Structure formats: C-alpha cells, structure tokens
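J.: Here it is, the structure, as structure tokens.
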Amino acid sequence: MSLRLPGAMAEEIRRHGEAAYPAECCGALIGRVEGEAKEVVRLAPAVNRRTDDPHRYLIAPDDLRRLEAEVRRESLEIVGYYHSHPDHPAAPSRFDADHAWPWYSYVIVRIDRGRGAELASWVLDDHSTAMQSESLDVFSEV
C-alpha cells in the first residue's frame, strides 16, 4: 500500500509544523482507499493536547471520536496521521512506534530550525513493533 498526498497538503503540513515549532504539531489524514493506495483528500489539523513534553504529541480521545464521526458522515475515513519532528529526522522515534496502530499511515515532517523540510510516511508492521517506510506520492494537482 502507498500514500498519495496532494502537494498543497504537503505544504500545509510543513506550515503547521513551522507554526508549532519548537513543539510538535499533529493532525489526521482524511481520505479513502483506492486500489493499493490511501488517497488523502483533506487534512484535519489537531490541537496537540500534550503539555508535559513539547517533543511528543497527543490527539485527545474526544477530539478523535468527533473527527471519526464527522468523516464517516462524509463517507471518508481516517487513513493516517501526521506530526512534526522539530530539529530531528522525518523518521519515527521508538515512542512513535510504540504508540502507532497497524495499517494507518504516519507522515512525519522534519522542521529544521523552524523551517519545514522533508516529509516521509511510515506504517507499523503488522507482525512486529517496527515501523516500515511507506511509499509517499506527493503529486501536483492540475
């Protein structure tokens, strides 16, 4: 499976990360499964409810339940989540892997000294606690 993300949304994720810097930003990827790809059709930026550590994020359960109900009404689904890594690579930490769910895509954006940099997508392996790189297709909309 791969993740398809419009270029404008990739830029929106970078801007969200820049605005939250030096803390982590977070949000959900809303879309649908089309064949072998998860197609992102919109983003749902979330409030980072984690207050004890700015280098971790938390989407509150109530926020997530409301979002799930909203996207179901639109005949869409949450296909993944995104968050930023301030001054760290766009690769999952052990904490990220320990809190990930299988199948969902996890887009991480590196924020380098306050500026958005590379994006990468990861997915939790169904048979282990390791996250694997996922094909990320950032495409231009015409």
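Residues in the structure tokens are numbered from 1 in each chain, the chains being A, B, ... in the order shown, and ligands are numbered from 1 in the order shown.
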Write down as a VMD selection string the residues belonging to chain A that are assigned strand (DSSP E) by DSSP computed on the backbone.
T.: chain A and resid 2 to 6 26 to 34 37 to 46 77 to 86 105 to 112 115 to 124 131 to 139
J.: I'd like the neighbourhood of stretch 61-68 of chain A as a PyMOL selection string, where a residue qualifies if any of its atoms comes within 9 Å (using only C-alpha atoms), though same-chain residues fewer than 6 positions away should be ignored.
T.: chain A and resi 28+44+46-47+77-78
J.: Please produce an output containing N, CA and C atoms for each residue in the selection, written as an mmCIF file, in the first residue's frame.
T.:
```cif
data_model
loop_
_atom_site.group_PDB
_atom_site.id
_atom_site.type_symbol
_atom_site.label_atom_id
_atom_site.label_comp_id
_atom_site.auth_asym_id
_atom_site.auth_seq_id
_atom_site.Cartn_x
_atom_site.Cartn_y
_atom_site.Cartn_z
ATOM 1 N N ALA A 28 -4.745 14.657 11.433
ATOM 2 C CA ALA A 28 -5.171 13.420 10.777
ATOM 3 C C ALA A 28 -5.199 13.603 9.265
ATOM 4 N N ALA A 44 -6.928 17.231 8.706
ATOM 5 C CA ALA A 44 -7.665 17.671 9.883
ATOM 6 C C ALA A 44 -6.638 18.020 10.957
ATOM 7 N N ALA A 46 -4.993 19.062 14.286
ATOM 8 C CA ALA A 46 -5.486 18.839 15.644
ATOM 9 C C ALA A 46 -4.701 19.702 16.620
ATOM 10 N N VAL A 47 -5.297 19.910 17.770
ATOM 11 C CA VAL A 47 -4.605 20.587 18.859
ATOM 12 C C VAL A 47 -3.751 19.545 19.561
ATOM 13 N N GLU A 77 -12.695 8.293 5.546
ATOM 14 C CA GLU A 77 -12.132 7.662 6.732
ATOM 15 C C GLU A 77 -10.787 8.301 7.071
ATOM 16 N N ILE A 78 -10.372 8.084 8.302
ATOM 17 C CA ILE A 78 -9.026 8.493 8.695
ATOM 18 C C ILE A 78 -8.088 7.426 8.150
#
```
J.: Using DSSP assignments from the backbone, pull out every residue in stretch 1-43 of chain A that falls under alpha helix (DSSP H) and give it to me as a ChimeraX atom specification.
T.: /A:7-20
J.: Go ahead and save the residues from that selection, with C-alpha atoms, as a PDB file, in the first residue's frame.
T.:
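result.pdb written:
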```pdb
ATOM      1  CA  GLY A   7       1.468  18.800  -2.944  1.00  0.00           C
ATOM      2  CA  ALA A   8      -0.631  21.613  -1.468  1.00  0.00           C
ATOM      3  CA  MET A   9      -1.385  19.415   1.549  1.00  0.00           C
ATOM      4  CA  ALA A  10       2.283  18.536   1.972  1.00  0.00           C
ATOM      5  CA  GLU A  11       2.971  22.274   2.162  1.00  0.00           C
ATOM      6  CA  GLU A  12       0.114  22.705   4.641  1.00  0.00           C
ATOM      7  CA  ILE A  13       1.692  20.042   6.897  1.00  0.00           C
ATOM      8  CA  ARG A  14       5.042  21.879   6.692  1.00  0.00           C
ATOM      9  CA  ARG A  15       3.391  25.207   7.593  1.00  0.00           C
ATOM     10  CA  HIS A  16       1.576  23.590  10.530  1.00  0.00           C
ATOM     11  CA  GLY A  17       4.907  22.241  11.784  1.00  0.00           C
ATOM     12  CA  GLU A  18       6.566  25.637  11.381  1.00  0.00           C
ATOM     13  CA  ALA A  19       3.771  27.341  13.336  1.00  0.00           C
ATOM     14  CA  ALA A  20       4.037  24.827  16.197  1.00  0.00           C
TER      15      ALA A  20
END
```
J.: Find the residues near stretch 51-59 of chain A: any atom within 6 Å, counting only C-alpha atoms, skip ones fewer than 2 places away on the same chain, and give them as a list in words.
T.: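 That gives Ala23, Glu24, Asn48 and Arg49 of chain A.
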J.: I'd like the interatomic distance between atom CA of A:Tyr106 and atom CA of A:Ala120, to a tenth of an Å.
T.: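 Atom CA of A:Tyr106 sits 8.2 Å away from atom CA of A:Ala120.
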J.: With distances taken over only C-alpha atoms, which of A:Glu118, A:Asp125, A:Glu36, A:Asp112 is nearest to A:Asp98?
T.: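 With only C-alpha atoms as the atom set, the closest residue is A:Asp125.
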J.: Which residue gives the smallest distance to A:Gly35 among A:Ser135, A:Met1, A:Glu141, A:His83, with only C-alpha atoms counted?
T.: A:Met1
J.: Please measure the separation of atom CA of A:Ala60 and atom CA of A:Ile108, giving the value in Å to one decimal.
T.: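 Going from atom CA of A:Ala60 over to atom CA of A:Ile108, I get 18.9 Å.
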J.: Work out how far apart atom CA of A:Val40 and atom CA of A:Gly80 are and give it in Å to one decimal.
T.: 8.9 Å
J.: Using only C-alpha atoms, can you tell me which of A:Tyr21, A:Trp122, A:Phe139, A:Tyr104 comes closest to A:Pro92?
T.: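 For A:Pro92, the nearest of the given residues is A:Trp122.
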J.: Do a neighbour search on A:Pro102 at 9 Å with only C-alpha atoms, toss out local chain neighbours closer than 6 positions, and write the hits as a list in words.
T.: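 So the residues in contact are Val123, Leu124, Asp125 and Asp126 of chain A.
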